[in-house]
Amino acid sequence: MSKAHDYIKKAEQQKDLNTFLFMPEPGAVRMCDDGELKNYALAIKDNIQIKDWPTTASSKILDGFIAPYDATVIKKLKTAGAMLIGKTNLDEFAMGSSTENSAFGVTKNPWDKERVPGGSSGGSASAVAADLCDAALGSDTGGSIRQPAAFCGVTGLKPTYGSVSRYGLLALASSLDVIGPLTRSAEDVEKIFQVISGKDELDQTTIDYNYQPTEIDWSNFTIGLPKELWQIELDPEIKAQTEALVEFYKQKGVKVIEVSLPSSDLALPAYYIILPSEVSANLARYDGIRYQKSAEAKNLLEKYLHTRANFGPEVKRRILLGTYSLSVGHYDDYYMIAERVRTQIKKEYAEVFGQVDMLITATTPTPAFKIGEKASDPIEMYKSDLLTVAANLAGVPALSLPVGFTKAGLPIGAQLISARKNDNIIIAAAKAFQKETDFHQQTPKIK
């Protein structure tokens, strides 16, 4: 019996987690005896296309759509010998921080089924945490890999923008989206990132990128603690465990200094102008003519309206917000100001990385919250991204790794951030921490 068969069978037994939206018959899983990822079973977020498999982005508007081609990352995984065992649940079109916005039901956190797994890559994080796969791919637009990684106690990387091809990823915000791995360990993150990264002629936003592992000279290494991000109100247990991570590196002999990112308080509002603006453009393609079964209608307008009604409330909210921000009379007041903030944030991060090699912050202000707790208050939900969105605006790599547990047994994640193309530094730092701790090896006792 193959590993893929075992995982698929186990996922069937844990169906109440609502982690997978699609799994092939075990016999249909492509097996390979060669490659860097041979014998690795991967789950794929259902906004990344796999040829001849359903791709829904957890939206009714794509129910029944079958992908006609493989995303570039899927081609690379297949070439490396990986086994693809299913498509995971997400917030609709990756819009959300809890996976409660899926048209196919909320995914549950394996550590506590009354709590969310985070989002939008909640299904991928839940699958790894519940040991339903070896690793998973997610996408990160404002924290959608790192936040669920923290909530589910796994390791997740948001790579440098442009280091991984977006060809075959259903676009949310094209200037922010990045595909990245979620796994138990930073070592496995590295293996997968080496395979999926690199320039792609099918995606003009990709950069020349040849990932090279590194060994850190701790005696010549400086860590920065951004005061603005450490001043955010954090759950006391999260703050304590993040401080313990800093202390771990101090014991290695690194220099730790306080740094400043003055525009940090503007990152979240700027993000929630830029992202909806790009959403309003990217989702215009879902018009009832392409991608899904044609709706019965008397005329083109009726067909269009009937189709768009299939969008969920969060998607509609962001389309309207983005359309408003880009409209005549508001473009200069909102979108252009948000873009100037993004430019300033990029500048500040570049300056800070002239002083330090790596930044450390918490990944989330709180542990995983209960299902339904923030569903009625979008602003409170958006605050889940307070510590993660700036890395997307700056285009720099960031990694969340497990650093402990709350007294209630919920995972805690901390975030490592480095300069563009320095993904190897945060991966090496995470590997060093995980070599001497076992937080990343803990698994939930699922009832």
# chains A, B, ... in the order shown; residues from 1 in each chain; ligands from 1
call {"tool": "residues_around", "arguments": {"residues": "segment 261-264 of chain A", "least_positions_apart": "4", "cutoff": "9 Å", "atoms": "only C-alpha atoms", "output": "PDB file with N, CA, C and O atoms, in the first residue's frame"}}
result
ATOM      1  N   PRO A 226      11.806  45.261  15.233  1.00  0.00           N
ATOM      2  CA  PRO A 226      11.108  46.497  14.833  1.00  0.00           C
ATOM      3  C   PRO A 226      10.197  46.995  15.960  1.00  0.00           C
ATOM      4  O   PRO A 226       9.221  46.324  16.306  1.00  0.00           O
ATOM      5  N   LYS A 227      10.518  48.140  16.518  1.00  0.00           N
ATOM      6  CA  LYS A 227       9.800  48.603  17.717  1.00  0.00           C
ATOM      7  C   LYS A 227       8.312  48.798  17.459  1.00  0.00           C
ATOM      8  O   LYS A 227       7.482  48.529  18.327  1.00  0.00           O
ATOM      9  N   GLU A 228       7.958  49.254  16.253  1.00  0.00           N
ATOM     10  CA  GLU A 228       6.544  49.479  15.952  1.00  0.00           C
ATOM     11  C   GLU A 228       5.750  48.171  15.971  1.00  0.00           C
ATOM     12  O   GLU A 228       4.577  48.153  16.370  1.00  0.00           O
ATOM     13  N   LEU A 229       6.364  47.079  15.524  1.00  0.00           N
ATOM     14  CA  LEU A 229       5.666  45.792  15.483  1.00  0.00           C
ATOM     15  C   LEU A 229       5.680  45.101  16.847  1.00  0.00           C
ATOM     16  O   LEU A 229       4.811  44.281  17.144  1.00  0.00           O
ATOM     17  N   LEU A 268      -1.331  48.131   7.034  1.00  0.00           N
ATOM     18  CA  LEU A 268      -2.618  47.445   6.923  1.00  0.00           C
ATOM     19  C   LEU A 268      -3.638  48.263   6.129  1.00  0.00           C
ATOM     20  O   LEU A 268      -4.261  47.736   5.200  1.00  0.00           O
ATOM     21  N   VAL A 341       2.527  54.854   0.067  1.00  0.00           N
ATOM     22  CA  VAL A 341       2.859  54.192   1.328  1.00  0.00           C
ATOM     23  C   VAL A 341       3.671  52.924   1.037  1.00  0.00           C
ATOM     24  O   VAL A 341       4.672  52.638   1.717  1.00  0.00           O
ATOM     25  N   GLN A 344       7.194  53.793   0.312  1.00  0.00           N
ATOM     26  CA  GLN A 344       7.893  54.176   1.540  1.00  0.00           C
ATOM     27  C   GLN A 344       8.255  52.945   2.379  1.00  0.00           C
ATOM     28  O   GLN A 344       9.347  52.859   2.939  1.00  0.00           O
ATOM     29  N   ILE A 345       7.339  51.991   2.458  1.00  0.00           N
ATOM     30  CA  ILE A 345       7.606  50.758   3.219  1.00  0.00           C
ATOM     31  C   ILE A 345       8.772  49.995   2.593  1.00  0.00           C
ATOM     32  O   ILE A 345       9.661  49.505   3.309  1.00  0.00           O
ATOM     33  N   GLU A 348      11.932  51.762   3.621  1.00  0.00           N
ATOM     34  CA  GLU A 348      12.282  51.546   5.029  1.00  0.00           C
ATOM     35  C   GLU A 348      12.853  50.154   5.267  1.00  0.00           C
ATOM     36  O   GLU A 348      13.822  49.992   6.021  1.00  0.00           O
ATOM     37  N   TYR A 349      12.271  49.146   4.618  1.00  0.00           N
ATOM     38  CA  TYR A 349      12.801  47.794   4.780  1.00  0.00           C
ATOM     39  C   TYR A 349      14.206  47.682   4.188  1.00  0.00           C
ATOM     40  O   TYR A 349      15.085  47.036   4.771  1.00  0.00           O
ATOM     41  N   VAL A 352      16.567  49.254   6.675  1.00  0.00           N
ATOM     42  CA  VAL A 352      16.760  48.424   7.866  1.00  0.00           C
ATOM     43  C   VAL A 352      17.683  47.250   7.571  1.00  0.00           C
ATOM     44  O   VAL A 352      18.539  46.889   8.388  1.00  0.00           O
ATOM     45  N   LEU A 386      -2.041  42.163  10.883  1.00  0.00           N
ATOM     46  CA  LEU A 386      -1.258  43.326  11.297  1.00  0.00           C
ATOM     47  C   LEU A 386       0.251  43.116  11.165  1.00  0.00           C
ATOM     48  O   LEU A 386       0.982  44.034  10.773  1.00  0.00           O
ATOM     49  N   LEU A 387       0.713  41.920  11.493  1.00  0.00           N
ATOM     50  CA  LEU A 387       2.149  41.671  11.560  1.00  0.00           C
ATOM     51  C   LEU A 387       2.724  41.073  10.278  1.00  0.00           C
ATOM     52  O   LEU A 387       3.936  40.895  10.171  1.00  0.00           O
ATOM     53  N   ALA A 390       3.105  43.835   5.791  1.00  0.00           N
ATOM     54  CA  ALA A 390       4.199  44.705   5.345  1.00  0.00           C
ATOM     55  C   ALA A 390       5.224  43.940   4.515  1.00  0.00           C
ATOM     56  O   ALA A 390       5.795  44.487   3.568  1.00  0.00           O
TER      57      ALA A 390
END
call {"tool": "closest_atom_pairs", "arguments": {"of": "segment 24-95 of chain A", "to": "segment 113-124 of chain A", "cutoff": "8 Å", "atoms": "only C-alpha atoms", "output": "Markdown table"}}
result
| residue | atom | partner | partner_atom | distance |
| --- | --- | --- | --- | --- |
| A:Ala43 | CA | A:Ser124 | CA | 6.6 |
| A:Ile44 | CA | A:Ser124 | CA | 6.9 |
| A:Lys45 | CA | A:Ser124 | CA | 6.1 |
| A:Thr88 | CA | A:Gly123 | CA | 4.9 |
| A:Asn89 | CA | A:Gly123 | CA | 4.5 |
| A:Leu90 | CA | A:Ser120 | CA | 5.2 |
| A:Asp91 | CA | A:Ser120 | CA | 4.9 |
| A:Ala94 | CA | A:Ser120 | CA | 4.9 |
| A:Met95 | CA | A:Ser120 | CA | 6.3 |
call {"tool": "closest_residue", "arguments": {"among": "A:Arg290, A:Lys250, A:Lys316, A:His5", "to": "Tyr304 of chain A", "atoms": "only C-alpha atoms"}}
result
A:Arg290
call {"tool": "residues_around", "arguments": {"residues": "Lys75 of chain A", "least_positions_apart": "3", "cutoff": "12 Å", "atoms": "only C-alpha atoms", "output": "mmCIF file with N, CA, C and O atoms, in the first residue's frame"}}
result
data_model
loop_
_atom_site.group_PDB
_atom_site.id
_atom_site.type_symbol
_atom_site.label_atom_id
_atom_site.label_comp_id
_atom_site.auth_asym_id
_atom_site.auth_seq_id
_atom_site.Cartn_x
_atom_site.Cartn_y
_atom_site.Cartn_z
ATOM 1 N N ILE A 48 -4.540 26.796 -7.143
ATOM 2 C CA ILE A 48 -3.400 26.470 -7.991
ATOM 3 C C ILE A 48 -3.829 25.334 -8.926
ATOM 4 O O ILE A 48 -4.316 24.301 -8.464
ATOM 5 N N GLN A 49 -3.659 25.529 -10.218
ATOM 6 C CA GLN A 49 -4.239 24.594 -11.184
ATOM 7 C C GLN A 49 -3.387 23.328 -11.370
ATOM 8 O O GLN A 49 -2.168 23.393 -11.494
ATOM 9 N N ILE A 50 -4.092 22.201 -11.361
ATOM 10 C CA ILE A 50 -3.514 20.901 -11.708
ATOM 11 C C ILE A 50 -4.343 20.355 -12.864
ATOM 12 O O ILE A 50 -5.567 20.221 -12.750
ATOM 13 N N LYS A 51 -3.703 20.052 -13.959
ATOM 14 C CA LYS A 51 -4.412 19.638 -15.175
ATOM 15 C C LYS A 51 -5.355 18.471 -14.910
ATOM 16 O O LYS A 51 -4.986 17.491 -14.243
ATOM 17 N N TYR A 69 -4.607 22.986 -17.676
ATOM 18 C CA TYR A 69 -3.150 22.902 -17.712
ATOM 19 C C TYR A 69 -2.595 22.908 -16.283
ATOM 20 O O TYR A 69 -3.289 23.236 -15.328
ATOM 21 N N ASP A 70 -1.328 22.536 -16.152
ATOM 22 C CA ASP A 70 -0.629 22.565 -14.872
ATOM 23 C C ASP A 70 -0.014 23.934 -14.629
ATOM 24 O O ASP A 70 0.600 24.520 -15.545
ATOM 25 N N ALA A 71 -0.133 24.429 -13.402
ATOM 26 C CA ALA A 71 0.636 25.598 -12.990
ATOM 27 C C ALA A 71 2.122 25.245 -13.073
ATOM 28 O O ALA A 71 2.509 24.073 -12.980
ATOM 29 N N THR A 72 2.958 26.259 -13.233
ATOM 30 C CA THR A 72 4.404 26.009 -13.320
ATOM 31 C C THR A 72 4.923 25.277 -12.089
ATOM 32 O O THR A 72 5.751 24.354 -12.191
ATOM 33 N N LYS A 78 6.006 17.755 -10.142
ATOM 34 C CA LYS A 78 5.899 16.467 -10.841
ATOM 35 C C LYS A 78 7.266 16.011 -11.355
ATOM 36 O O LYS A 78 7.630 14.838 -11.236
ATOM 37 N N THR A 79 8.023 16.957 -11.912
ATOM 38 C CA THR A 79 9.351 16.628 -12.416
ATOM 39 C C THR A 79 10.259 16.146 -11.288
ATOM 40 O O THR A 79 11.108 15.268 -11.486
ATOM 41 N N ALA A 80 10.054 16.722 -10.082
ATOM 42 C CA ALA A 80 10.868 16.348 -8.922
ATOM 43 C C ALA A 80 10.384 15.072 -8.247
ATOM 44 O O ALA A 80 10.954 14.648 -7.238
ATOM 45 N N GLY A 81 9.311 14.460 -8.787
ATOM 46 C CA GLY A 81 8.861 13.170 -8.273
ATOM 47 C C GLY A 81 7.833 13.220 -7.170
ATOM 48 O O GLY A 81 7.520 12.193 -6.563
ATOM 49 N N ALA A 82 7.282 14.412 -6.871
ATOM 50 C CA ALA A 82 6.302 14.530 -5.790
ATOM 51 C C ALA A 82 4.987 13.858 -6.167
ATOM 52 O O ALA A 82 4.596 13.821 -7.336
ATOM 53 N N MET A 83 4.296 13.329 -5.145
ATOM 54 C CA MET A 83 2.955 12.760 -5.319
ATOM 55 C C MET A 83 1.943 13.821 -4.894
ATOM 56 O O MET A 83 2.038 14.370 -3.790
ATOM 57 N N LEU A 84 0.985 14.126 -5.751
ATOM 58 C CA LEU A 84 -0.050 15.111 -5.443
ATOM 59 C C LEU A 84 -1.305 14.364 -5.009
ATOM 60 O O LEU A 84 -1.854 13.570 -5.773
ATOM 61 N N SER A 165 7.090 31.224 -9.672
ATOM 62 C CA SER A 165 6.147 31.566 -10.739
ATOM 63 C C SER A 165 4.699 31.542 -10.243
ATOM 64 O O SER A 165 4.308 30.633 -9.511
ATOM 65 N N TYR A 167 2.308 31.537 -12.596
ATOM 66 C CA TYR A 167 1.562 30.998 -13.726
ATOM 67 C C TYR A 167 0.752 29.784 -13.269
ATOM 68 O O TYR A 167 1.290 28.813 -12.756
ATOM 69 N N GLY A 168 -0.568 29.876 -13.427
ATOM 70 C CA GLY A 168 -1.451 28.801 -12.982
ATOM 71 C C GLY A 168 -2.049 29.036 -11.611
ATOM 72 O O GLY A 168 -2.860 28.229 -11.141
ATOM 73 N N VAL A 195 12.900 23.430 -5.320
ATOM 74 C CA VAL A 195 12.277 22.846 -6.510
ATOM 75 C C VAL A 195 11.386 23.864 -7.228
ATOM 76 O O VAL A 195 11.441 23.986 -8.460
ATOM 77 N N ILE A 196 10.564 24.612 -6.490
ATOM 78 C CA ILE A 196 9.540 25.445 -7.145
ATOM 79 C C ILE A 196 10.031 26.837 -7.516
ATOM 80 O O ILE A 196 9.372 27.537 -8.293
ATOM 81 N N SER A 197 11.173 27.284 -6.995
ATOM 82 C CA SER A 197 11.636 28.642 -7.268
ATOM 83 C C SER A 197 12.362 28.712 -8.608
ATOM 84 O O SER A 197 12.751 27.695 -9.179
ATOM 85 N N ASP A 200 10.599 32.025 -14.748
ATOM 86 C CA ASP A 200 9.657 31.312 -15.607
ATOM 87 C C ASP A 200 9.269 32.223 -16.757
ATOM 88 O O ASP A 200 8.778 33.330 -16.543
#
call {"tool": "closest_residue", "arguments": {"among": "A:Leu17, A:Ala394, A:Ile412, A:Val164", "to": "Ala244 of chain A", "atoms": "only C-alpha atoms"}}
result
A:Ile412
